[in-house]
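See structure below.
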Amino acid sequence: MALWFHVIISFLMIAVCRLEKKHLHSPPTITLHPGAEITFKAGEPVQIPCKATGEPPPSYTWLKNNQPLAISNIDIKQLQSVGTIVINEPVGSSEGVYQCNATNNFGTAMSLKAVLKKAVQEPFPSVKDPKIHRPLVGSPLTLHCQPPLSYPKGLVYWGEIQEGARLKSIENSARISLDYEGNLHFANIEVDDGLSDRRSYYVCVSQNVFLRSLHQGEDQRIIPKQQQGTPRPEAPRLMWPSANTNEVALKGQTMRIKCIFSGYPTPSVRWIREDALMPSKVVNDSFGQEIRIPDVDYPDTGTYKCIGRNSVSEASRTVTLRVESPPFWKNDKQPEDVNTSEEESARFDCQAMGQPKPDITWYINGIPLKDMLPEPRRTQGKDYLIYSKVTKSDAQVIQCNASNNHGYIFANAFLNVLAEPPTFTDTPQAVVKVAQGQNVTLTCRVFGAPKPVITWEKSSTRSLLERTIVSGDRFIVESTGNLRILNVANEDQGTYHCMAVNKFGDDEANGELLVRNRTFIAKAPESQSVNASSDVVFRCGATTDSEERMKLKIDWLKNGQKIDYEHDGSKNVGDNSLRLNQVQVSDSGSYTCNASNGLDFDSVTVKLTVKDRPDPPHSVEFKSCTSNHATIQWSSGKDNNDPITQYTVYYNTSYDEAGKFQSTSPVPASRLTTTIQLLPWTNYTVHVRARNALGMSERSGFSVSQCATAATRPYRNPDDVCTRSEAPPDQLVITWTPLSRSELNGEDFHYIVSYKSHSDPSAVEQKRNISDWQQGELVINDQKTFKEYEIYVQAANKEGIAPLNHLVKKIGYSGQDTPLVRPQNFHINTSTLNGTYVEFLWEPVDRSPEKIRGFFKGYEIHFWRSNEPDNPRIEVVIVNTWIPCHNLSNQRFRRHTSETSENLVKGHTNLLWPHSHITAAVLVLNAGKKGQMSDTITFTTPESVPSVVQNFRVVERGSHHVKLAWNKPAEPNGRILRYEIEYRKAPPAIDQITVLKVTNPDQIHKKIHSLQNETNYIFYIYAVTSVGRGPVNYCEESTLPSSAPSQPVVELEVIGENSINVSWVPDLNNPPRNPGNMFYLEYRKTGSDDWEKTEPENEHNWINVTDLESGASYEFRVIAKNSGGDETKSDPKTILVPRPGETREKSSVASMGWFIGLMCAIAFLLLILLIICLIKRNRGGKYAVHEKEKLRGHDSTRDDEEAGFGEYTRTEDLNKSRASLESEEKPLDSETDSLGEYEDPDPSKFNEDGSFIGQYGGKKKVNERLDHDATTPSALSTFI
């Protein structure tokens, strides 16, 4: 009983102690500091915050400019329960440095200092008249701006303003730049910089964002002065640098450096780092003029150089950057509060870093330590204070200040002296789960004074009494009391006890640690390298502890960030795979499969490399530009994961069409420069494209500057100087090939055309100027016919005439006239005549200049089919070669004088039309005109071989046959006798050629049977006349794999009183599957079990069956067969054979709705005709039908079914049937089935002369062919 009493008393004492802990005394701690700078608007309340904790709660006082601040609660009041003050109506005198002090019985804490400043913006000075600038076009200009005082610092920019309109901001560019002081710089002036409206001005604007106010500076106007021609190129010069040559940047801040250059053309600006590579974090801004270095650090110390370059030269400026730093805490560790007990020691560290190295100043309760009396128990080091054998009176707040020329850092830390037994502020969790191999921390935080000693013990889950002290390299007891276990193993599972002891007591707390098997990736994804637009799948599988399996999940990350499946990919829920569709280069990166259960995880990271065409190069510019060549340089774009192999430079000149470029030879990827040859007086712009294995990049941006070359005299004179032979007889027409626009080389380009009579020594040379560079001829009138002239043409411009050593003088001629003579005795040599060739003969003409009236070239033979005079063919017989314009230095050719010859002139042609009536004539030619034709002759050419057979093709193919079709030759050249077809297996097979003859010259199709299946054949065809074969045509096709023939589709048609036409479509599949190569019919009376057969039909797609029983119903079916013996039967169809005199049906038409409607309309018309006849009869007019029918051979005593108007109906239907048979309509007509490939070559069953060539089959005579003029009763009765 006494034991239980002591236990209860102990628990009560612990509870009381923990309760009393809530009221432990403590020096003050600042928890809310005011900001470093606080801005206020005059008259508007401003708040300066301050808040602190402590026990007892602290009171607050304020310092302003290091002097006590009186708080009246009228002008300045303090908020309740905190140190925050509010200045109700601040004015200029309210500005100053404010600091908050929090004090209780155990010390004083100090806040950071805050600077309170009034927001202000002053206006620009007033100016009466606008400032006018008159710079030359192409020269630089700076518009100055002196922004007035503004706090916070004003935002300065430039705009264009017009009376009555809103301000329009000036857009910065490579040519127009704003410096950090607010000045606007023009690298070169353009005409458009003079604002079009005289009421418009440039103004500088200063805007205070805090006050929401802005002010405008003086009006300024630019009036550009234009120079004659294009502006003179100017080398780059530094207009404004943002930094000194030696500059300091502060660690952690953003450093900006800018260079502005002038020059014409506008310089491009690039930055380099001379002592190392440019850091990747550096950003180029302001069109390359500025670099921005974010988060400056010590490695950014170095030498940076800006280079301004245009086609003239370059300029540069070097900035040496040194990185310094305001003070900062070493390892981010500020001085810490110390709770201890009497007779213990306490240490305070103030370790700060910076550049320059900061100075450390100590304060105690806001009083500088150097102003306090020495204390033997207090030891001061360079950056620490140590107290020994402390007492309760030593409670205080210590301040540490570290400062250098860039700023300061400040911190409070208190010393609190207590006498407290251990009390847990944070006990171990009841149960902690951890996976094998992980690190785990078991929390145990204890308050006590002096600081308690913490130890840990472990007991197994079987017995809490069997404990062992936790020790070893994997077990670390931290200064806070927590136990950290590294690389947890299964044997670490158990209950852990945290025990805290100091001289005033001890305490214990425990928690259980559960160890699970680790999660691991069992099926890992693999890295992939693919081309852009491919689909990619990553697969991943994992296992985990059985107790945690339900919590296992797999996530995918890209470059460490969780993937948004809706936008970046699609996750397959079934196998946890990641699918990426149509990947692009931006999808490249590291992909991580992360398997987790909330306890531990395993991950595998693989790489996806997506390759694509390279990005365009950039920063294209002219490194140099001279009169005849330029060096171009560029920077490489991204290779998009496939190495760049080469670059191609494209350039456009002022003479080229927009969008038209010329290219250089490819430049190896190792080079980023190339040189191109230039033309004078030309402006060049360039761009560059890169190539890798996947293709060519898009083009780069165009070079910022142009390369302009100077003018010079033309390099050469025009070529091909000559005279026009066909000119009118009274004209001298001098021609030449104009120079290209790129060869003009300067302004005021013109041609100088010179000419004089060659035969007249006293002739004076004449010159004409032609100012149109595209003109290529000069017409000089009033000249004599066919006279010699010395001619030459020079090229010239403002800079001079083309070099004389390139000048060539020539002999030319004025125009020639029509010859006055025509050939006589024109005839042919009949012994030479064949289908295409003949020799012509005629007497020579008088060649005297008076007759020829020009240079005698020869003769021209014209011939044509006599019935086609508008379609002649021509043969030219050249007697003398005409050299119209030879060099003056060469020997001149001899003019022909009058001469005759007893020999006949010969000419021939091999272009005659065989088997044709030909008309021919001959005429005289001079170098410019044609004479009158001779008398015509006529003759007839014999037959020849025909031209090639046209459109030779395969229109049907099966496993063992093909069907060939063709068109007749365009030129029969006689009477076609037959067609010869040859075929053999296609190479590499070696096979004998098989020859077939189609003896009917009107037949244009043929089936080839007994071919091997799945074999490639070549088919040749020739048309043959009595002379022989014509040229060959051929086609190539393969037979189909062996299989049963496709099922044919049958159509039936009544063609007589006991005859049926059966047609079929071999294969309705599209494309055809395997049509048969031969067909036969089976038919029987309806109800009969026995089928009768016809002979096989292997050419046409129809058979006529005769000798059927009138009035009987028959079933028909078609059997398709191939050479392999395979057969396929069609679906059977039934038709009723009409009795004699009955209307015959066409099964494919009569069942159609339109046909039924047509029949109804005919019946209606007949009814009207009957009514008319009855009316006539009633009026007394008798229509002797009976007598008329007798005279026509019809018996009116027949049954009613065949009497009366039915006779006329049958006659009309018979005529319709004949019309149908004589038409081009196919046996089967369907809007959906294409029968072109199976079209019966003669579906009407008639030859061109109207004779029937169909085939008949019957019970007794099967497949019997009828002669063209057959007179059998069935034929006569069927086809009248």
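As shown in the structure tokens, the chain order sets the letters A, B, ...; within each chain, residues go from 1, and ligands are also counted from 1 in the order they appear.
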Quick check for you: according to DSSP on this backbone, which residues of region 1076-1145 of chain A are classed as strand (DSSP E or B)? Reply as a PyMOL selection string. chain A and resi 1078-1085+1092-1093+1097+1102-1105+1113-1121+1127-1129+1133-1136
So that I have them on file, write out the residues from the current selection with C-alpha atoms, as a PDB file, in the first residue's frame.
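Generated output (part08.pdb):
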ATOM      1  CA  MET A1078     -13.221 -20.759-118.624  1.00  0.00           C
ATOM      2  CA  PHE A1079     -16.951 -21.168-117.976  1.00  0.00           C
ATOM      3  CA  TYR A1080     -19.743 -23.566-118.884  1.00  0.00           C
ATOM      4  CA  LEU A1081     -23.463 -23.626-118.232  1.00  0.00           C
ATOM      5  CA  GLU A1082     -25.662 -26.150-116.469  1.00  0.00           C
ATOM      6  CA  TYR A1083     -29.415 -25.865-116.931  1.00  0.00           C
ATOM      7  CA  ARG A1084     -32.532 -27.893-116.312  1.00  0.00           C
ATOM      8  CA  LYS A1085     -36.255 -27.612-116.260  1.00  0.00           C
ATOM      9  CA  GLU A1092     -27.505 -30.444-118.949  1.00  0.00           C
ATOM     10  CA  LYS A1093     -24.084 -28.933-119.840  1.00  0.00           C
ATOM     11  CA  GLU A1097     -16.464 -20.965-123.113  1.00  0.00           C
ATOM     12  CA  TRP A1102     -21.865 -15.119-122.398  1.00  0.00           C
ATOM     13  CA  ILE A1103     -23.479 -18.153-124.074  1.00  0.00           C
ATOM     14  CA  ASN A1104     -26.765 -18.389-125.989  1.00  0.00           C
ATOM     15  CA  VAL A1105     -28.889 -21.471-125.289  1.00  0.00           C
ATOM     16  CA  SER A1113     -39.356 -22.617-116.551  1.00  0.00           C
ATOM     17  CA  TYR A1114     -35.598 -23.282-116.527  1.00  0.00           C
ATOM     18  CA  GLU A1115     -32.860 -23.017-113.920  1.00  0.00           C
ATOM     19  CA  PHE A1116     -29.440 -21.839-115.070  1.00  0.00           C
ATOM     20  CA  ARG A1117     -26.110 -21.711-113.303  1.00  0.00           C
ATOM     21  CA  VAL A1118     -22.596 -20.881-114.481  1.00  0.00           C
ATOM     22  CA  ILE A1119     -19.564 -22.900-113.403  1.00  0.00           C
ATOM     23  CA  ALA A1120     -16.235 -21.080-113.296  1.00  0.00           C
ATOM     24  CA  LYS A1121     -13.179 -23.252-113.852  1.00  0.00           C
ATOM     25  CA  GLU A1127     -14.556 -25.142-110.060  1.00  0.00           C
ATOM     26  CA  THR A1128     -16.993 -22.697-108.440  1.00  0.00           C
ATOM     27  CA  LYS A1129     -20.707 -22.626-109.175  1.00  0.00           C
ATOM     28  CA  LYS A1133     -31.363 -18.308-111.553  1.00  0.00           C
ATOM     29  CA  THR A1134     -34.766 -19.186-112.976  1.00  0.00           C
ATOM     30  CA  ILE A1135     -36.434 -17.823-116.109  1.00  0.00           C
ATOM     31  CA  LEU A1136     -39.653 -18.605-117.943  1.00  0.00           C
TER      32      LEU A1136
END
For Ile30 (chain A), which of A:Ile454, A:Ile74, A:Val948, A:Ala102 is the closest residue, counting only C-alpha atoms?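 Ranking A:Ile454, A:Ile74, A:Val948, A:Ala102 by distance to Ile30 (chain A), first place goes to A:Ala102.
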One-decimal distance in Å that lies between CA of Pro57 (chain A) and CA of Asn101 (chain A):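 Between CA of Asn101 (chain A) and CA of Pro57 (chain A) the gap works out to 12.9 Å.
For Glu218 (chain A), the residues within 8 Å (counting only C-alpha atoms, excluding itself and residues fewer than 5 positions away along the chain) are Phe124, Ser126, Val127, Pro130, Lys131, Val203 and Cys204 of chain A.
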Next, the residues of the selection above should be written as a tab-separated table (two decimals), in the first residue's frame with N, CA, C and O atoms.
chain	number	residue	atom	x	y	z
A	124	PHE	N	9.65	67.48	-63.88
A	124	PHE	CA	10.76	67.93	-64.71
A	124	PHE	C	10.77	69.45	-64.73
A	124	PHE	O	9.73	70.12	-64.56
A	126	SER	N	10.47	73.01	-66.28
A	126	SER	CA	9.63	73.47	-67.40
A	126	SER	C	10.52	74.05	-68.50
A	126	SER	O	11.51	74.72	-68.22
A	127	VAL	N	10.15	73.74	-69.76
A	127	VAL	CA	10.89	74.23	-70.92
A	127	VAL	C	9.90	74.88	-71.87
A	127	VAL	O	8.82	74.33	-72.13
A	130	PRO	N	10.39	73.23	-77.75
A	130	PRO	CA	10.92	71.88	-77.92
A	130	PRO	C	12.36	71.92	-78.42
A	130	PRO	O	12.79	72.86	-79.07
A	131	LYS	N	13.08	70.87	-78.09
A	131	LYS	CA	14.48	70.76	-78.51
A	131	LYS	C	14.52	70.05	-79.86
A	131	LYS	O	13.93	68.99	-80.03
A	203	VAL	N	9.34	62.26	-75.90
A	203	VAL	CA	9.37	62.77	-74.52
A	203	VAL	C	9.89	61.67	-73.61
A	203	VAL	O	9.67	60.47	-73.83
A	204	CYS	N	10.60	62.10	-72.57
A	204	CYS	CA	11.06	61.20	-71.51
A	204	CYS	C	10.03	61.20	-70.40
A	204	CYS	O	9.52	62.26	-70.01
Skipping near chain neighbours, those fewer than 4 positions away, what residues fall within 7 Å of Met255 (chain A) using only C-alpha atoms, listed as a VMD selection string? chain A and resid 249 292 to 294 296
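You can rank A:Pro327, A:Pro1066, A:Pro1075, A:Gly154 by their closest distance to Leu1040 (chain A) using only C-alpha atoms, and at the top of that list sits A:Pro1075.
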I'd like the neighbourhood of Phe840 (chain A) as a PyMOL selection string, where a residue qualifies if any of its atoms comes within 8 Å (using only C-alpha atoms), though same-chain residues fewer than 2 positions away should be ignored. chain A and resi 826-829+838+842+906-908
Considering only C-alpha atoms, return as a PyMOL selection string whatever protein or nucleic-acid residues lie within 7 Å of Thr31 (chain A), sequence-local ones (same chain, fewer than 2 positions apart) excluded. chain A and resi 29+33+51-53
Selection export as a PDB file, in the first residue's frame, atoms kept: N, CA, C and O atoms:
ATOM      1  N   THR A  29      12.144  37.654 -26.659  1.00  0.00           N
ATOM      2  CA  THR A  29      12.630  37.276 -27.992  1.00  0.00           C
ATOM      3  C   THR A  29      11.790  38.011 -29.027  1.00  0.00           C
ATOM      4  O   THR A  29      10.555  37.952 -28.991  1.00  0.00           O
ATOM      5  N   HIS A  33      10.092  41.488 -36.811  1.00  0.00           N
ATOM      6  CA  HIS A  33      10.935  42.667 -37.013  1.00  0.00           C
ATOM      7  C   HIS A  33      10.303  43.580 -38.048  1.00  0.00           C
ATOM      8  O   HIS A  33       9.638  43.107 -38.983  1.00  0.00           O
ATOM      9  N   LYS A  51       7.022  42.731 -32.620  1.00  0.00           N
ATOM     10  CA  LYS A  51       6.355  41.806 -31.720  1.00  0.00           C
ATOM     11  C   LYS A  51       7.405  40.929 -31.041  1.00  0.00           C
ATOM     12  O   LYS A  51       8.395  40.543 -31.671  1.00  0.00           O
ATOM     13  N   ALA A  52       7.162  40.624 -29.731  1.00  0.00           N
ATOM     14  CA  ALA A  52       8.138  39.823 -28.994  1.00  0.00           C
ATOM     15  C   ALA A  52       7.410  38.896 -28.026  1.00  0.00           C
ATOM     16  O   ALA A  52       6.235  39.095 -27.694  1.00  0.00           O
ATOM     17  N   THR A  53       8.127  37.838 -27.582  1.00  0.00           N
ATOM     18  CA  THR A  53       7.627  36.928 -26.544  1.00  0.00           C
ATOM     19  C   THR A  53       8.574  36.980 -25.353  1.00  0.00           C
ATOM     20  O   THR A  53       9.716  37.435 -25.464  1.00  0.00           O
TER      21      THR A  53
END
